[in-house]
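Here is data-v4.txt, consisting of compact mmCIF, N, CA and C atoms:
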# COMPACT_ATOMS: atom_id res chain seq x y z
N MET J 1 46.43 -3.11 33.10
CA MET J 1 46.23 -3.39 31.70
C MET J 1 45.25 -4.56 31.58
N ILE J 2 44.29 -4.42 30.71
CA ILE J 2 43.27 -5.45 30.50
C ILE J 2 43.77 -6.45 29.47
N ASP J 3 43.65 -7.73 29.79
CA ASP J 3 44.07 -8.79 28.86
C ASP J 3 42.89 -9.15 27.96
N LEU J 4 42.98 -8.77 26.70
CA LEU J 4 41.90 -9.03 25.75
C LEU J 4 42.11 -10.33 24.97
N SER J 5 43.14 -11.08 25.31
CA SER J 5 43.38 -12.32 24.58
C SER J 5 42.32 -13.38 24.85
N GLN J 6 41.55 -13.21 25.93
CA GLN J 6 40.49 -14.16 26.22
C GLN J 6 39.33 -14.03 25.23
N TYR J 7 39.23 -12.91 24.56
CA TYR J 7 38.17 -12.70 23.58
C TYR J 7 38.52 -13.23 22.20
N LEU J 8 39.74 -13.70 22.00
CA LEU J 8 40.16 -14.20 20.70
C LEU J 8 39.29 -15.37 20.22
N PRO J 9 38.95 -16.37 21.04
CA PRO J 9 38.08 -17.45 20.54
C PRO J 9 36.70 -16.95 20.11
N ILE J 10 36.17 -15.97 20.80
CA ILE J 10 34.86 -15.42 20.43
C ILE J 10 34.97 -14.70 19.08
N LEU J 11 36.00 -13.88 18.92
CA LEU J 11 36.19 -13.19 17.65
C LEU J 11 36.45 -14.17 16.52
N LEU J 12 37.19 -15.23 16.78
CA LEU J 12 37.43 -16.25 15.77
C LEU J 12 36.12 -16.94 15.38
N PHE J 13 35.30 -17.27 16.37
CA PHE J 13 34.00 -17.88 16.11
C PHE J 13 33.12 -16.95 15.28
N LEU J 14 33.06 -15.68 15.63
CA LEU J 14 32.26 -14.72 14.87
C LEU J 14 32.78 -14.56 13.45
N GLY J 15 34.08 -14.55 13.28
CA GLY J 15 34.66 -14.45 11.94
C GLY J 15 34.33 -15.65 11.08
N VAL J 16 34.43 -16.85 11.65
CA VAL J 16 34.09 -18.06 10.90
C VAL J 16 32.61 -18.07 10.56
N ALA J 17 31.74 -17.67 11.51
CA ALA J 17 30.30 -17.64 11.26
C ALA J 17 29.97 -16.64 10.17
N LEU J 18 30.58 -15.47 10.21
CA LEU J 18 30.34 -14.47 9.18
C LEU J 18 30.83 -14.96 7.81
N GLY J 19 31.99 -15.58 7.79
CA GLY J 19 32.52 -16.10 6.53
C GLY J 19 31.64 -17.20 5.95
N LEU J 20 31.19 -18.14 6.79
CA LEU J 20 30.34 -19.22 6.29
C LEU J 20 28.99 -18.71 5.83
N SER J 21 28.40 -17.79 6.58
CA SER J 21 27.10 -17.27 6.16
C SER J 21 27.21 -16.49 4.86
N THR J 22 28.27 -15.74 4.69
CA THR J 22 28.49 -15.03 3.43
C THR J 22 28.70 -16.02 2.29
N LEU J 23 29.44 -17.07 2.57
CA LEU J 23 29.68 -18.09 1.55
C LEU J 23 28.38 -18.78 1.16
N PHE J 24 27.54 -19.13 2.12
CA PHE J 24 26.28 -19.82 1.84
C PHE J 24 25.28 -18.93 1.11
N VAL J 25 25.40 -17.63 1.25
CA VAL J 25 24.47 -16.73 0.56
C VAL J 25 24.95 -16.43 -0.86
N PHE J 26 26.21 -16.06 -0.99
CA PHE J 26 26.68 -15.55 -2.27
C PHE J 26 27.25 -16.61 -3.20
N LEU J 27 27.71 -17.73 -2.68
CA LEU J 27 28.26 -18.77 -3.55
C LEU J 27 27.20 -19.36 -4.48
N PRO J 28 26.01 -19.74 -4.02
CA PRO J 28 25.00 -20.27 -4.97
C PRO J 28 24.59 -19.25 -6.03
N MET J 29 24.50 -17.98 -5.65
CA MET J 29 24.14 -16.96 -6.65
C MET J 29 25.23 -16.83 -7.70
N GLY J 30 26.47 -16.84 -7.27
CA GLY J 30 27.58 -16.73 -8.22
C GLY J 30 27.68 -17.95 -9.12
N VAL J 31 27.49 -19.15 -8.57
CA VAL J 31 27.56 -20.37 -9.37
C VAL J 31 26.43 -20.40 -10.38
N SER J 32 25.23 -19.97 -10.01
CA SER J 32 24.11 -19.99 -10.95
C SER J 32 24.35 -19.00 -12.09
N ARG J 33 24.97 -17.88 -11.81
CA ARG J 33 25.26 -16.93 -12.89
C ARG J 33 26.38 -17.44 -13.81
N LEU J 34 27.36 -18.12 -13.22
CA LEU J 34 28.47 -18.63 -14.04
C LEU J 34 28.07 -19.84 -14.88
N THR J 35 27.20 -20.68 -14.37
CA THR J 35 26.81 -21.89 -15.10
C THR J 35 25.66 -21.66 -16.05
N GLY J 36 25.03 -20.50 -16.02
CA GLY J 36 23.97 -20.19 -16.95
C GLY J 36 22.58 -20.63 -16.50
N THR J 37 22.43 -21.06 -15.25
CA THR J 37 21.10 -21.46 -14.79
C THR J 37 20.25 -20.28 -14.35
N HIS J 38 20.85 -19.12 -14.28
CA HIS J 38 20.12 -17.90 -13.90
C HIS J 38 19.51 -17.31 -15.17
N GLN J 39 18.24 -17.66 -15.45
CA GLN J 39 17.55 -17.18 -16.64
C GLN J 39 16.16 -16.70 -16.24
N PRO J 40 16.07 -15.50 -15.69
CA PRO J 40 14.75 -15.03 -15.28
C PRO J 40 13.88 -14.66 -16.47
N HIS J 41 12.58 -14.93 -16.36
CA HIS J 41 11.62 -14.47 -17.35
C HIS J 41 10.29 -14.24 -16.63
N ALA J 42 9.29 -13.79 -17.35
CA ALA J 42 8.04 -13.36 -16.73
C ALA J 42 7.35 -14.48 -15.96
N GLU J 43 7.40 -15.70 -16.45
CA GLU J 43 6.73 -16.81 -15.76
C GLU J 43 7.39 -17.12 -14.42
N LYS J 44 8.72 -17.06 -14.38
CA LYS J 44 9.42 -17.31 -13.12
C LYS J 44 9.18 -16.19 -12.11
N ASN J 45 9.02 -14.98 -12.57
CA ASN J 45 8.85 -13.84 -11.67
C ASN J 45 7.40 -13.56 -11.32
N SER J 46 6.47 -14.37 -11.78
CA SER J 46 5.05 -14.12 -11.50
C SER J 46 4.70 -14.54 -10.08
N GLU J 47 3.48 -14.20 -9.65
CA GLU J 47 3.03 -14.52 -8.31
C GLU J 47 2.87 -16.03 -8.18
N TYR J 48 3.35 -16.57 -7.10
CA TYR J 48 3.29 -18.03 -6.94
C TYR J 48 2.70 -18.45 -5.60
N GLU J 49 2.51 -17.56 -4.67
CA GLU J 49 2.01 -17.97 -3.36
C GLU J 49 0.50 -18.17 -3.36
N CYS J 50 -0.24 -17.24 -3.93
CA CYS J 50 -1.70 -17.35 -3.87
C CYS J 50 -2.32 -17.55 -5.25
N GLY J 51 -1.58 -17.38 -6.31
CA GLY J 51 -2.08 -17.68 -7.62
C GLY J 51 -2.69 -16.51 -8.37
N PHE J 52 -2.83 -15.36 -7.73
CA PHE J 52 -3.37 -14.20 -8.45
C PHE J 52 -2.56 -12.97 -8.05
N PRO J 53 -2.53 -11.96 -8.91
CA PRO J 53 -1.73 -10.77 -8.61
C PRO J 53 -2.24 -10.04 -7.38
N ALA J 54 -1.34 -9.37 -6.71
CA ALA J 54 -1.71 -8.60 -5.52
C ALA J 54 -2.61 -7.44 -5.92
N PHE J 55 -3.65 -7.20 -5.13
CA PHE J 55 -4.58 -6.12 -5.45
C PHE J 55 -4.29 -4.86 -4.65
N GLU J 56 -3.29 -4.91 -3.79
CA GLU J 56 -2.87 -3.74 -3.03
C GLU J 56 -1.36 -3.59 -3.14
N GLU J 57 -0.89 -2.41 -2.88
CA GLU J 57 0.54 -2.16 -2.86
C GLU J 57 1.13 -2.80 -1.60
N PRO J 58 2.21 -3.54 -1.70
CA PRO J 58 2.76 -4.22 -0.51
C PRO J 58 3.28 -3.26 0.55
N ARG J 59 3.52 -2.03 0.21
CA ARG J 59 4.05 -1.08 1.19
C ARG J 59 2.96 -0.27 1.88
N ASP J 60 1.69 -0.61 1.65
CA ASP J 60 0.61 0.09 2.33
C ASP J 60 0.68 -0.16 3.83
N ARG J 61 0.10 0.74 4.58
CA ARG J 61 0.10 0.61 6.02
C ARG J 61 -0.96 -0.40 6.46
N PHE J 62 -0.61 -1.13 7.51
CA PHE J 62 -1.56 -2.06 8.10
C PHE J 62 -2.45 -1.32 9.08
N ASP J 63 -3.60 -1.89 9.30
CA ASP J 63 -4.49 -1.37 10.32
C ASP J 63 -3.83 -1.59 11.69
N VAL J 64 -4.02 -0.66 12.60
CA VAL J 64 -3.38 -0.75 13.91
C VAL J 64 -3.86 -1.97 14.68
N ARG J 65 -5.06 -2.47 14.37
CA ARG J 65 -5.57 -3.65 15.07
C ARG J 65 -4.72 -4.88 14.76
N PHE J 66 -4.10 -4.92 13.59
CA PHE J 66 -3.20 -6.02 13.28
C PHE J 66 -2.05 -6.05 14.29
N TYR J 67 -1.49 -4.90 14.60
CA TYR J 67 -0.38 -4.84 15.54
C TYR J 67 -0.84 -5.17 16.96
N LEU J 68 -2.06 -4.77 17.32
CA LEU J 68 -2.57 -5.10 18.65
C LEU J 68 -2.72 -6.61 18.80
N VAL J 69 -3.26 -7.26 17.78
CA VAL J 69 -3.40 -8.72 17.84
C VAL J 69 -2.01 -9.38 17.89
N ALA J 70 -1.06 -8.84 17.14
CA ALA J 70 0.29 -9.41 17.14
C ALA J 70 0.94 -9.25 18.51
N ILE J 71 0.76 -8.11 19.14
CA ILE J 71 1.33 -7.88 20.47
C ILE J 71 0.67 -8.81 21.49
N LEU J 72 -0.65 -8.97 21.40
CA LEU J 72 -1.33 -9.89 22.31
C LEU J 72 -0.85 -11.32 22.11
N PHE J 73 -0.61 -11.70 20.86
CA PHE J 73 -0.08 -13.03 20.61
C PHE J 73 1.28 -13.21 21.27
N ILE J 74 2.15 -12.21 21.14
CA ILE J 74 3.47 -12.30 21.74
C ILE J 74 3.37 -12.40 23.26
N ILE J 75 2.46 -11.62 23.85
CA ILE J 75 2.30 -11.66 25.31
C ILE J 75 1.89 -13.05 25.76
N PHE J 76 0.89 -13.66 25.10
CA PHE J 76 0.43 -14.96 25.54
C PHE J 76 1.39 -16.07 25.13
N ASP J 77 2.19 -15.84 24.13
CA ASP J 77 3.24 -16.79 23.80
C ASP J 77 4.32 -16.78 24.88
N LEU J 78 4.66 -15.60 25.36
CA LEU J 78 5.62 -15.51 26.47
C LEU J 78 5.05 -16.11 27.74
N GLU J 79 3.74 -15.96 27.92
CA GLU J 79 3.11 -16.59 29.09
C GLU J 79 3.32 -18.09 29.05
N ALA J 80 3.12 -18.70 27.90
CA ALA J 80 3.33 -20.14 27.77
C ALA J 80 4.80 -20.49 28.01
N ALA J 81 5.70 -19.63 27.56
CA ALA J 81 7.13 -19.88 27.77
C ALA J 81 7.48 -19.82 29.25
N PHE J 82 6.78 -19.01 30.03
CA PHE J 82 7.03 -18.95 31.47
C PHE J 82 6.34 -20.09 32.22
N LEU J 83 5.26 -20.62 31.66
CA LEU J 83 4.54 -21.68 32.37
C LEU J 83 5.29 -23.00 32.39
N PHE J 84 6.02 -23.33 31.34
CA PHE J 84 6.71 -24.61 31.29
C PHE J 84 7.80 -24.74 32.35
N PRO J 85 8.73 -23.79 32.47
CA PRO J 85 9.74 -23.94 33.53
C PRO J 85 9.13 -23.87 34.93
N TRP J 86 8.07 -23.09 35.08
CA TRP J 86 7.40 -23.01 36.36
C TRP J 86 6.79 -24.36 36.73
N ALA J 87 6.15 -25.02 35.77
CA ALA J 87 5.53 -26.32 36.05
C ALA J 87 6.57 -27.38 36.39
N VAL J 88 7.73 -27.29 35.76
CA VAL J 88 8.78 -28.27 36.04
C VAL J 88 9.38 -28.06 37.42
N SER J 89 9.52 -26.81 37.84
CA SER J 89 10.17 -26.51 39.11
C SER J 89 9.18 -26.24 40.24
N LEU J 90 7.94 -26.61 40.07
CA LEU J 90 6.95 -26.31 41.10
C LEU J 90 7.24 -27.04 42.40
N ASP J 91 7.80 -28.23 42.35
CA ASP J 91 8.12 -28.94 43.58
C ASP J 91 9.24 -28.25 44.36
N ILE J 92 10.08 -27.50 43.68
CA ILE J 92 11.17 -26.78 44.35
C ILE J 92 10.68 -25.44 44.89
N THR J 93 9.88 -24.72 44.11
CA THR J 93 9.44 -23.38 44.53
C THR J 93 8.33 -23.43 45.57
N GLY J 94 7.50 -24.46 45.54
CA GLY J 94 6.46 -24.62 46.55
C GLY J 94 5.36 -23.58 46.44
N TRP J 95 4.78 -23.28 47.59
CA TRP J 95 3.65 -22.34 47.62
C TRP J 95 4.02 -20.92 47.18
N PRO J 96 5.19 -20.39 47.55
CA PRO J 96 5.52 -19.04 47.05
C PRO J 96 5.58 -18.98 45.53
N GLY J 97 6.11 -20.01 44.90
CA GLY J 97 6.16 -20.05 43.44
C GLY J 97 4.77 -20.15 42.84
N TRP J 98 3.91 -20.93 43.47
CA TRP J 98 2.54 -21.08 42.97
C TRP J 98 1.77 -19.77 43.08
N ILE J 99 1.91 -19.10 44.22
CA ILE J 99 1.21 -17.81 44.42
C ILE J 99 1.73 -16.77 43.44
N THR J 100 3.03 -16.74 43.22
CA THR J 100 3.60 -15.79 42.27
C THR J 100 3.08 -16.03 40.86
N MET J 101 3.00 -17.28 40.43
CA MET J 101 2.51 -17.58 39.10
C MET J 101 1.03 -17.28 38.97
N MET J 102 0.25 -17.53 40.00
CA MET J 102 -1.17 -17.21 39.95
C MET J 102 -1.38 -15.69 39.87
N THR J 103 -0.53 -14.92 40.55
CA THR J 103 -0.60 -13.47 40.45
C THR J 103 -0.27 -13.03 39.01
N PHE J 104 0.75 -13.64 38.42
CA PHE J 104 1.13 -13.34 37.04
C PHE J 104 -0.01 -13.67 36.09
N LEU J 105 -0.63 -14.84 36.25
CA LEU J 105 -1.74 -15.23 35.39
C LEU J 105 -2.95 -14.32 35.58
N ALA J 106 -3.19 -13.89 36.81
CA ALA J 106 -4.31 -12.97 37.07
C ALA J 106 -4.08 -11.64 36.36
N GLU J 107 -2.85 -11.15 36.38
CA GLU J 107 -2.54 -9.91 35.66
C GLU J 107 -2.77 -10.07 34.17
N LEU J 108 -2.39 -11.24 33.61
CA LEU J 108 -2.62 -11.48 32.19
C LEU J 108 -4.10 -11.58 31.86
N VAL J 109 -4.88 -12.18 32.74
CA VAL J 109 -6.32 -12.29 32.51
C VAL J 109 -6.96 -10.91 32.55
N VAL J 110 -6.53 -10.07 33.48
CA VAL J 110 -7.05 -8.69 33.54
C VAL J 110 -6.68 -7.94 32.26
N GLY J 111 -5.45 -8.12 31.78
CA GLY J 111 -5.04 -7.47 30.54
C GLY J 111 -5.83 -7.97 29.34
N LEU J 112 -6.11 -9.27 29.29
CA LEU J 112 -6.90 -9.82 28.20
C LEU J 112 -8.34 -9.30 28.26
N ALA J 113 -8.91 -9.24 29.46
CA ALA J 113 -10.27 -8.72 29.60
C ALA J 113 -10.33 -7.25 29.17
N TYR J 114 -9.33 -6.48 29.52
CA TYR J 114 -9.29 -5.08 29.12
C TYR J 114 -9.18 -4.94 27.60
N ALA J 115 -8.30 -5.75 26.99
CA ALA J 115 -8.15 -5.69 25.53
C ALA J 115 -9.43 -6.12 24.84
N TRP J 116 -10.09 -7.12 25.38
CA TRP J 116 -11.34 -7.61 24.81
C TRP J 116 -12.42 -6.55 24.92
N LYS J 117 -12.49 -5.89 26.09
CA LYS J 117 -13.50 -4.85 26.32
C LYS J 117 -13.26 -3.64 25.42
N MET J 118 -12.00 -3.31 25.17
CA MET J 118 -11.68 -2.15 24.34
C MET J 118 -11.82 -2.46 22.84
N GLY J 119 -12.07 -3.73 22.50
CA GLY J 119 -12.28 -4.08 21.10
C GLY J 119 -11.03 -4.40 20.32
N ALA J 120 -9.93 -4.69 21.02
CA ALA J 120 -8.68 -5.00 20.32
C ALA J 120 -8.75 -6.32 19.58
N LEU J 121 -9.65 -7.21 19.99
CA LEU J 121 -9.75 -8.52 19.35
C LEU J 121 -10.83 -8.56 18.29
N ASP J 122 -11.59 -7.49 18.11
CA ASP J 122 -12.62 -7.46 17.09
C ASP J 122 -11.97 -7.17 15.73
N TRP J 123 -12.38 -7.94 14.75
CA TRP J 123 -11.82 -7.78 13.41
C TRP J 123 -12.98 -7.64 12.42
N GLU J 124 -12.86 -6.69 11.52
CA GLU J 124 -13.94 -6.44 10.56
C GLU J 124 -13.50 -6.74 9.16

Target encoding structure tokens, full file:
Amino acid sequence: MIDLSQYLPILLFLGVALGLSTLFVFLPMGVSRLTGTHQPHAEKNSEYECGFPAFEEPRDRFDVRFYLVAILFIIFDLEAAFLFPWAVSLDITGWPGWITMMTFLAELVVGLAYAWKMGALDWE
């Protein structure tokens, strides 16, 4: 028989987190409706980020190049995330760690050169 009582603290933590997040989301909305501060009108609902109405439908499809640039950004962001722990532990890993990281960086440079050659970074 499996003893599931060890999971009780985790379930309690998840329950408290769910309860608090629900409270933080719905309590201000309910208080604003009860106190009368919820008074929407056209000026409050107008565009406020850029100052002029949107000229395209927000649900239109993006160009695929946007996604390519986003994926490349994520790849090089992860590269930076791998470089920091590697730099800190370089004295422990020694030459094998250095060679492994240089191989990783070479693969990323080849991927960047390929993306650049294929025009993934060109924007019109």

Between atom N of Thr103 (chain J) and CA of Leu72 (chain J), measure the distance and give it in Å to one decimal.
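The value is 18.9 Å.
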
Which value, in Å to one decimal, gives the distance between CA of Leu20 (chain J) and atom C of Gln39 (chain J)?
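Between CA of Leu20 (chain J) and atom C of Gln39 (chain J) the gap is 26.7 Å.
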
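Between atom N of Met29 (chain J) and atom C of Leu11 (chain J) the interatomic distance comes to 25.5 Å.
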
Expected axis-aligned box over every listed atom of region 103-109 of chain J, 4 Å added per side, centre plus edges in Å to one decimal, as JSON:
{"center_x": -2.9, "center_y": -12.6, "center_z": 36.2, "size_x": 16.1, "size_y": 13.3, "size_z": 16.7}

List every residue of chain J that DSSP, applied to the backbone of this structure, places in alpha helix (DSSP H), and write the result as a PyMOL selection string.
chain J and resi 8-35+64-88+90-117
